>>> print(open('final_24.cif').read())   # mmCIF, C-alpha atoms
data_final
loop_
_atom_site.label_atom_id
_atom_site.label_comp_id
_atom_site.auth_asym_id
_atom_site.auth_seq_id
_atom_site.Cartn_x
_atom_site.Cartn_y
_atom_site.Cartn_z
CA MET A 265 0.00 0.00 0.00
CA ALA A 266 1.49 3.33 -1.06
CA THR A 267 1.43 6.46 1.08
CA ASP A 268 2.49 10.05 0.61
CA PRO A 269 6.27 10.20 1.09
CA LEU A 270 7.02 12.07 4.31
CA LEU A 271 9.72 12.44 6.92
CA ARG A 272 9.12 10.92 10.32
CA GLN A 273 11.47 11.74 13.14
CA GLY A 274 12.05 8.97 15.65
CA PRO A 275 14.32 8.62 18.67
CA ASP A 276 17.11 6.94 16.69
CA SER A 277 16.57 7.96 13.07
CA THR A 278 14.69 10.16 10.66
CA ASP A 279 12.79 8.07 8.13
CA LEU A 280 11.64 8.96 4.64
CA VAL A 281 8.53 6.78 4.47
CA LEU A 282 7.59 5.72 0.94
CA ARG A 283 5.30 2.74 1.40
CA ALA A 284 3.41 1.57 4.46
CA GLY A 285 3.76 -1.96 5.75
CA PRO A 286 6.19 -4.22 7.63
CA ALA A 287 9.38 -5.56 6.08
CA GLY A 288 10.91 -9.01 6.14
CA PRO A 289 11.39 -12.10 3.95
CA ALA A 290 8.40 -13.97 5.40
CA TRP A 291 6.04 -11.03 5.00
CA ASN A 292 7.27 -10.43 1.45
CA VAL A 293 6.64 -14.08 0.48
CA LEU A 294 3.15 -14.04 2.02
CA THR A 295 2.11 -10.83 0.28
CA SER A 296 3.25 -12.25 -3.07
CA ALA A 297 1.08 -15.37 -2.76
CA GLY A 298 -2.19 -13.66 -3.69
CA SER A 299 -0.83 -11.84 -6.75
CA ALA A 300 0.69 -15.07 -8.06
CA LEU A 301 -2.82 -16.48 -8.59
CA PHE A 302 -3.00 -14.45 -11.81
CA THR A 303 -0.01 -16.28 -13.30
CA PRO A 304 -1.98 -19.36 -14.47
CA LEU A 305 -4.60 -17.03 -15.94
CA VAL A 306 -1.98 -15.12 -17.91
CA LEU A 307 -0.46 -18.38 -19.16
CA CYS A 308 -3.79 -20.08 -19.86
CA VAL A 309 -3.27 -20.11 -23.66
CA PRO A 310 -0.24 -22.47 -23.69
CA THR A 311 -1.89 -24.60 -21.01
CA LEU A 312 -5.03 -24.98 -23.10
CA LEU A 313 -2.91 -25.81 -26.15
CA VAL A 314 -1.30 -28.67 -24.23
CA ALA A 315 -4.73 -29.94 -23.21
CA PHE A 316 -5.97 -29.64 -26.79
CA TRP A 317 -3.09 -31.64 -28.23
CA MET A 318 -3.46 -34.29 -25.53
CA ALA A 319 -7.13 -34.63 -26.39
CA LEU A 320 -6.30 -34.96 -30.08
CA ALA A 321 -3.75 -37.64 -29.21
CA GLY A 322 -6.50 -39.65 -27.54
CA ALA A 323 -5.61 -39.05 -23.89
CA ARG A 324 -8.32 -39.72 -21.35
CA ALA A 325 -10.14 -36.73 -19.88
CA SER A 326 -8.92 -37.57 -16.37
CA THR A 327 -5.32 -37.61 -17.61
CA VAL A 328 -5.79 -34.24 -19.33
CA PHE A 329 -7.22 -32.71 -16.15
CA VAL A 330 -4.31 -34.02 -14.06
CA VAL A 331 -1.70 -32.68 -16.49
CA VAL A 332 -3.43 -29.30 -16.72
CA GLY A 333 -3.59 -29.12 -12.91
CA VAL A 334 0.11 -29.91 -12.60
CA ILE A 335 1.00 -27.28 -15.20
CA ALA A 336 -1.18 -24.67 -13.47
CA GLY A 337 0.44 -25.52 -10.14
CA LEU A 338 3.92 -25.12 -11.58
CA GLU A 339 2.93 -21.82 -13.19
CA TYR A 340 1.61 -20.57 -9.87
CA LEU A 341 4.79 -21.62 -8.06
CA LEU A 342 7.08 -19.99 -10.61
CA GLY A 343 4.95 -16.84 -10.62
CA TRP A 344 5.03 -16.74 -6.84
CA LEU A 345 8.82 -16.97 -6.78
CA ALA A 346 9.20 -14.33 -9.50
CA LEU A 347 6.85 -11.89 -7.76
CA ALA A 348 8.51 -12.44 -4.39
CA PHE A 349 11.92 -11.73 -5.92
CA PHE A 350 10.62 -8.62 -7.70
CA GLN A 351 8.82 -7.23 -4.66
CA ALA A 352 11.81 -7.94 -2.42
CA ARG A 353 13.59 -5.01 -4.09
CA HIS A 354 10.79 -2.52 -3.38
CA ILE A 355 12.00 0.25 -1.08
CA LEU A 356 9.65 0.95 1.83
CA ARG A 357 11.62 3.70 3.50
CA VAL A 358 15.02 5.35 3.80
CA GLU A 359 16.43 5.66 7.32
CA PHE A 360 18.88 8.40 8.30
CA ALA A 361 20.69 8.04 11.63
CA PRO A 362 21.23 9.53 14.08
CA THR A 363 18.31 11.94 14.30
CA GLY A 364 19.20 15.54 13.54
CA VAL A 365 22.49 15.42 11.66
CA PRO A 366 22.67 11.95 10.11
CA ALA A 367 25.96 10.17 9.55
CA SER A 368 24.54 6.96 8.09
CA LEU A 369 21.67 5.80 5.93
CA ARG A 370 20.12 2.52 4.87
CA LEU A 371 17.40 1.40 2.50
CA VAL A 372 14.65 -0.72 4.02
CA ARG A 373 13.21 -2.99 1.36
CA ALA A 374 10.25 -5.36 1.41
CA ALA A 375 12.65 -8.22 2.13
CA GLY A 376 14.31 -6.35 5.00
CA PRO A 377 16.87 -3.58 5.56
CA ASP A 378 20.12 -3.20 3.65
CA ASP A 379 23.40 -2.53 5.42
CA TRP A 380 24.11 0.89 6.87
CA LEU A 381 26.11 3.18 4.57
CA PRO A 382 27.92 6.47 5.21
CA VAL A 383 25.58 9.34 4.45
CA ASP A 384 28.05 10.76 1.91
CA THR A 385 27.30 7.66 -0.21
CA LEU A 386 24.17 9.56 -1.18
CA ARG A 387 25.12 12.22 -3.72
CA GLU A 388 21.74 13.58 -4.77
CA VAL A 389 18.01 13.23 -4.17
CA ARG A 390 15.86 13.97 -7.20
CA LEU A 391 12.16 14.60 -6.77
CA THR A 392 9.92 14.81 -9.82
CA HIS A 393 6.39 15.98 -9.09
CA GLU A 394 4.14 14.90 -11.95
CA VAL A 395 0.67 16.46 -12.23
CA VAL A 396 -1.86 15.33 -14.82
CA GLU A 397 -4.60 17.98 -14.97
CA PRO A 398 -8.12 17.47 -16.37
CA TYR A 399 -9.03 18.79 -19.80
CA GLN A 400 -11.76 21.39 -20.10
CA GLY A 401 -15.05 19.83 -19.08
CA ASP A 402 -13.44 16.78 -17.47
CA ARG A 403 -15.00 15.96 -14.09
CA LYS A 404 -12.15 13.76 -12.93
CA PRO A 405 -9.73 15.49 -10.53
CA ALA A 406 -6.07 16.05 -11.25
CA VAL A 407 -3.70 13.18 -10.50
CA SER A 408 -0.53 13.96 -8.59
CA THR A 409 2.42 11.56 -8.29
CA LEU A 410 5.98 11.79 -7.08
CA VAL A 411 9.01 10.03 -8.54
CA LEU A 412 11.96 9.65 -6.19
CA GLU A 413 15.48 8.95 -7.44
CA LEU A 414 18.42 8.40 -5.12
CA VAL A 415 21.78 8.99 -6.77
CA LEU A 416 24.26 6.85 -4.85
CA ARG A 417 27.96 6.40 -5.26
CA GLY A 418 28.28 3.74 -7.93
CA GLY A 419 24.57 3.44 -8.75
CA ARG A 420 21.10 4.82 -8.32
CA GLU A 421 17.68 3.77 -7.05
CA ARG A 422 14.59 5.02 -8.88
CA LEU A 423 11.14 4.40 -7.49
CA ALA A 424 8.03 4.12 -9.59
CA PRO A 425 5.59 7.05 -9.35
CA LEU A 426 3.91 7.16 -5.95
CA PRO A 427 0.54 8.80 -5.23
CA PHE A 428 1.25 12.18 -3.66
CA ASP A 429 -1.21 14.77 -2.38
CA GLY A 430 1.17 16.75 -0.17
CA ASP A 431 3.40 19.76 -0.73
CA PRO A 432 6.47 18.71 -2.75
CA GLN A 433 8.32 21.92 -1.97
CA ARG A 434 7.91 21.36 1.77
CA LEU A 435 9.24 17.82 1.40
CA ALA A 436 12.20 19.05 -0.63
CA ASP A 437 12.95 21.77 1.96
CA ALA A 438 12.80 19.22 4.79
CA LEU A 439 15.19 16.88 2.97
CA GLU A 440 17.53 19.75 2.19
CA ALA A 441 17.59 20.81 5.84
CA LEU A 442 18.27 17.23 6.91
CA LEU A 443 20.91 16.37 4.31
CA GLY A 444 22.41 19.79 3.71
CA PRO A 445 25.21 19.33 6.29
CA ALA A 446 26.28 16.19 4.39
CA ALA A 447 26.42 18.17 1.12
CA VAL A 448 23.65 16.09 -0.44
CA VAL A 449 21.94 17.92 -3.28
CA VAL A 450 18.13 17.91 -3.28
CA GLU A 451 16.52 18.75 -6.61
CA LEU A 452 12.80 19.29 -7.18
CA ARG A 453 11.22 19.39 -10.61
CA THR A 454 7.54 19.76 -11.46
CA GLU A 455 6.06 18.40 -14.69
CA ARG A 456 2.50 19.25 -15.69
CA SER A 457 0.42 17.78 -18.47
CA THR A 458 -3.25 17.60 -19.47
CA ARG A 459 -5.19 14.38 -19.55
CA ASP A 460 -6.04 13.23 -23.07
CA ARG A 461 -9.63 13.77 -24.12
CA PRO A 462 -11.32 10.45 -24.99
CA ARG A 463 -12.02 10.02 -28.66
CA SER A 464 -15.64 9.94 -29.75
CA ASP A 465 -16.87 7.33 -32.23
CA SER A 466 -19.81 9.46 -33.32
CA THR A 467 -18.04 10.50 -36.56
CA TRP A 468 -17.37 6.88 -37.50
CA PHE A 469 -20.98 5.88 -36.89
CA SER A 470 -22.36 8.84 -38.81
CA GLY A 471 -20.01 8.14 -41.70
CA GLY A 472 -21.05 4.50 -41.74
CA SER A 473 -24.76 5.31 -41.86
CA ALA A 474 -24.25 7.85 -44.64
CA SER A 475 -22.33 5.34 -46.69
CA ALA A 476 -25.06 2.75 -46.25
CA GLY A 477 -27.68 5.26 -47.33
CA SER A 478 -25.83 6.21 -50.49
CA GLY A 479 -25.34 2.56 -51.37
CA GLY A 480 -29.09 1.93 -51.08
CA GLY A 481 -29.84 4.73 -53.50
#
>>> encode(input="final_24.cif", output="structure tokens")
Amino acid sequence: MATDPLLRQGPDSTDLVLRAGPAGPAWNVLTSAGSALFTPLVLCVPTLLVAFWMALAGARASTVFVVVGVIAGLEYLLGWLALAFFQARHILRVEFAPTGVPASLRLVRAAGPDDWLPVDTLREVRLTHEVVEPYQGDRKPAVSTLVLELVLRGGRERLAPLPFDGDPQRLADALEALLGPAAVVVELRTERSTRDRPRSDSTWFSGGSASAGSGGG
């Protein structure tokens, strides 16, 4: 479950919270189990092809059902493992310790926390505030998301857009105040766009009826 990124000050660290929820290998595996149920549905076409060819070969219906069940079970297991591995890399929060003027940081992922690193390992924090505004006459509200990119020494971590309804400038100022003593650059960029207006099929229908009418004459 995503939440608005915000800074929370605790007794031992200041945390940049990105996603709510506990961390740990067991929790990550359990949360991946439900999503993996869609894997056999996605791969239903090759499974049905196997069943079709078995039926053409004269296999008994009970044998076909058993083979299809085994294939679906293997697909679910492989999907579960793949999702668990993918979700294990999701960053839940970034911890800066000690509170006040941090000297260390670590990334807490869905599978658990990484090792502590010197705070100067972090070179830059890039915040991109993306706002998709409604077109004229659109009743849907604007959609606001935030993309966070951590530029680390020797690599970078970029998070997918997160729902964000807060003040991006306030978040950037808070991060700058926290990380300024460590010479970490905090950059905020705002990108605005307008939601595409849905296309109407009325022209196509009117053209089709006109064509039919001329053909009848």
>>> residues_around(input="final_24.cif", residues="segment 326-337 of chain A", least_positions_apart="2", cutoff="6 Å", atoms="all atoms listed in the file", output="tab-separated table (two decimals) with C-alpha atoms, keeping the file's coordinate frame")
chain	number	residue	atom	x	y	z
A	304	PRO	CA	-1.98	-19.36	-14.47
A	315	ALA	CA	-4.73	-29.94	-23.21
A	324	ARG	CA	-8.32	-39.72	-21.35
A	339	GLU	CA	2.93	-21.82	-13.19
A	340	TYR	CA	1.61	-20.57	-9.87
>>> atom_distance(input="final_24.cif", atom1="atom CA of Ala367 of chain A", atom2="atom CA of Gln433 of chain A")
24.1 Å
>>> residues_around(input="final_24.cif", residues="Leu386 of chain A", least_positions_apart="4", cutoff="12 Å", atoms="only C-alpha atoms", output="list in words")
Val358, Phe360, Pro366, Ala367, Ser368, Leu369, Arg370, Leu371, Trp380, Leu381, Pro382, Arg390, Glu413, Leu414, Val415, Leu416, Arg417, Gly418, Gly419, Arg420, Glu421, Leu443, Gly444, Ala446, Ala447, Val448, Val449 and Val450 of chain A
>>> closest_residue(input="final_24.cif", among="A:Ala321, A:Pro445, A:Phe428, A:Arg453", to="Val383 of chain A", atoms="all atoms listed in the file")
A:Pro445
>>> atom_distance(input="final_24.cif", atom1="atom CA of Arg357 of chain A", atom2="atom CA of Phe302 of chain A")
27.9 Å
>>> residues_around(input="final_24.cif", residues="Ala406 of chain A", least_positions_apart="2", cutoff="6 Å", atoms="only C-alpha atoms", output="list in words")
Val396, Glu397 and Pro398 of chain A
>>> resolve_selection(input="final_24.cif", expression="the PyMOL selection byres ((chain A and resi 459) around 10)", output="compact mmCIF listing (two decimals) with C-alpha atoms, in the coordinates of the input")
# COMPACT_ATOMS: atom_id res chain seq x y z
CA VAL A 395 0.67 16.46 -12.23
CA VAL A 396 -1.86 15.33 -14.82
CA GLU A 397 -4.60 17.98 -14.97
CA PRO A 398 -8.12 17.47 -16.37
CA TYR A 399 -9.03 18.79 -19.80
CA GLN A 400 -11.76 21.39 -20.10
CA ASP A 402 -13.44 16.78 -17.47
CA LYS A 404 -12.15 13.76 -12.93
CA ALA A 406 -6.07 16.05 -11.25
CA VAL A 407 -3.70 13.18 -10.50
CA ARG A 456 2.50 19.25 -15.69
CA SER A 457 0.42 17.78 -18.47
CA THR A 458 -3.25 17.60 -19.47
CA ASP A 460 -6.04 13.23 -23.07
CA ARG A 461 -9.63 13.77 -24.12
CA PRO A 462 -11.32 10.45 -24.99
>>> decode(input="final_24.cif", residues="segment 363-378 of chain A", atoms="N, CA, C and O atoms", output="CSV table (one decimal), in the first residue's frame")
chain,number,residue,atom,x,y,z
A,363,THR,N,19.3,10.9,14.5
A,363,THR,CA,18.3,11.9,14.3
A,363,THR,C,19.0,13.3,14.4
A,363,THR,O,19.9,13.5,15.2
A,364,GLY,N,18.6,14.2,13.5
A,364,GLY,CA,19.2,15.5,13.5
A,364,GLY,C,20.2,15.7,12.4
A,364,GLY,O,19.8,16.1,11.3
A,365,VAL,N,21.4,15.3,12.7
A,365,VAL,CA,22.5,15.4,11.7
A,365,VAL,C,22.9,14.0,11.4
A,365,VAL,O,23.8,13.4,12.1
A,366,PRO,N,22.4,13.4,10.4
A,366,PRO,CA,22.7,11.9,10.1
A,366,PRO,C,24.1,11.7,9.6
A,366,PRO,O,24.6,12.5,8.8
A,367,ALA,N,24.7,10.6,10.0
A,367,ALA,CA,26.0,10.2,9.5
A,367,ALA,C,25.9,8.9,8.7
A,367,ALA,O,26.8,8.6,8.0
A,368,SER,N,24.7,8.2,8.8
A,368,SER,CA,24.5,7.0,8.1
A,368,SER,C,23.1,6.9,7.5
A,368,SER,O,22.2,7.6,7.9
A,369,LEU,N,23.0,6.0,6.5
A,369,LEU,CA,21.7,5.8,5.9
A,369,LEU,C,21.6,4.3,5.5
A,369,LEU,O,22.6,3.7,5.3
A,370,ARG,N,20.3,3.9,5.4
A,370,ARG,CA,20.1,2.5,4.9
A,370,ARG,C,18.8,2.5,4.2
A,370,ARG,O,17.8,3.2,4.6
A,371,LEU,N,18.7,1.6,3.2
A,371,LEU,CA,17.4,1.4,2.5
A,371,LEU,C,16.7,0.2,3.1
A,371,LEU,O,17.3,-0.9,3.2
A,372,VAL,N,15.4,0.4,3.5
A,372,VAL,CA,14.6,-0.7,4.0
A,372,VAL,C,13.7,-1.2,2.9
A,372,VAL,O,12.8,-0.5,2.5
A,373,ARG,N,14.0,-2.4,2.5
A,373,ARG,CA,13.2,-3.0,1.4
A,373,ARG,C,12.1,-3.9,1.9
A,373,ARG,O,12.1,-4.2,3.1
A,374,ALA,N,11.3,-4.4,1.0
A,374,ALA,CA,10.3,-5.4,1.4
A,374,ALA,C,10.8,-6.6,2.0
A,374,ALA,O,10.2,-7.2,2.9
A,375,ALA,N,12.0,-7.0,1.6
A,375,ALA,CA,12.7,-8.2,2.1
A,375,ALA,C,13.4,-8.0,3.4
A,375,ALA,O,13.9,-8.9,4.0
A,376,GLY,N,13.6,-6.7,3.8
A,376,GLY,CA,14.3,-6.4,5.0
A,376,GLY,C,15.3,-5.2,4.7
A,376,GLY,O,15.5,-4.8,3.6
A,377,PRO,N,16.0,-4.7,5.7
A,377,PRO,CA,16.9,-3.6,5.6
A,377,PRO,C,18.2,-4.0,4.9
A,377,PRO,O,18.7,-5.1,5.2
A,378,ASP,N,18.8,-3.0,4.1
A,378,ASP,CA,20.1,-3.2,3.6
A,378,ASP,C,21.1,-2.8,4.8
A,378,ASP,O,20.7,-2.4,5.9
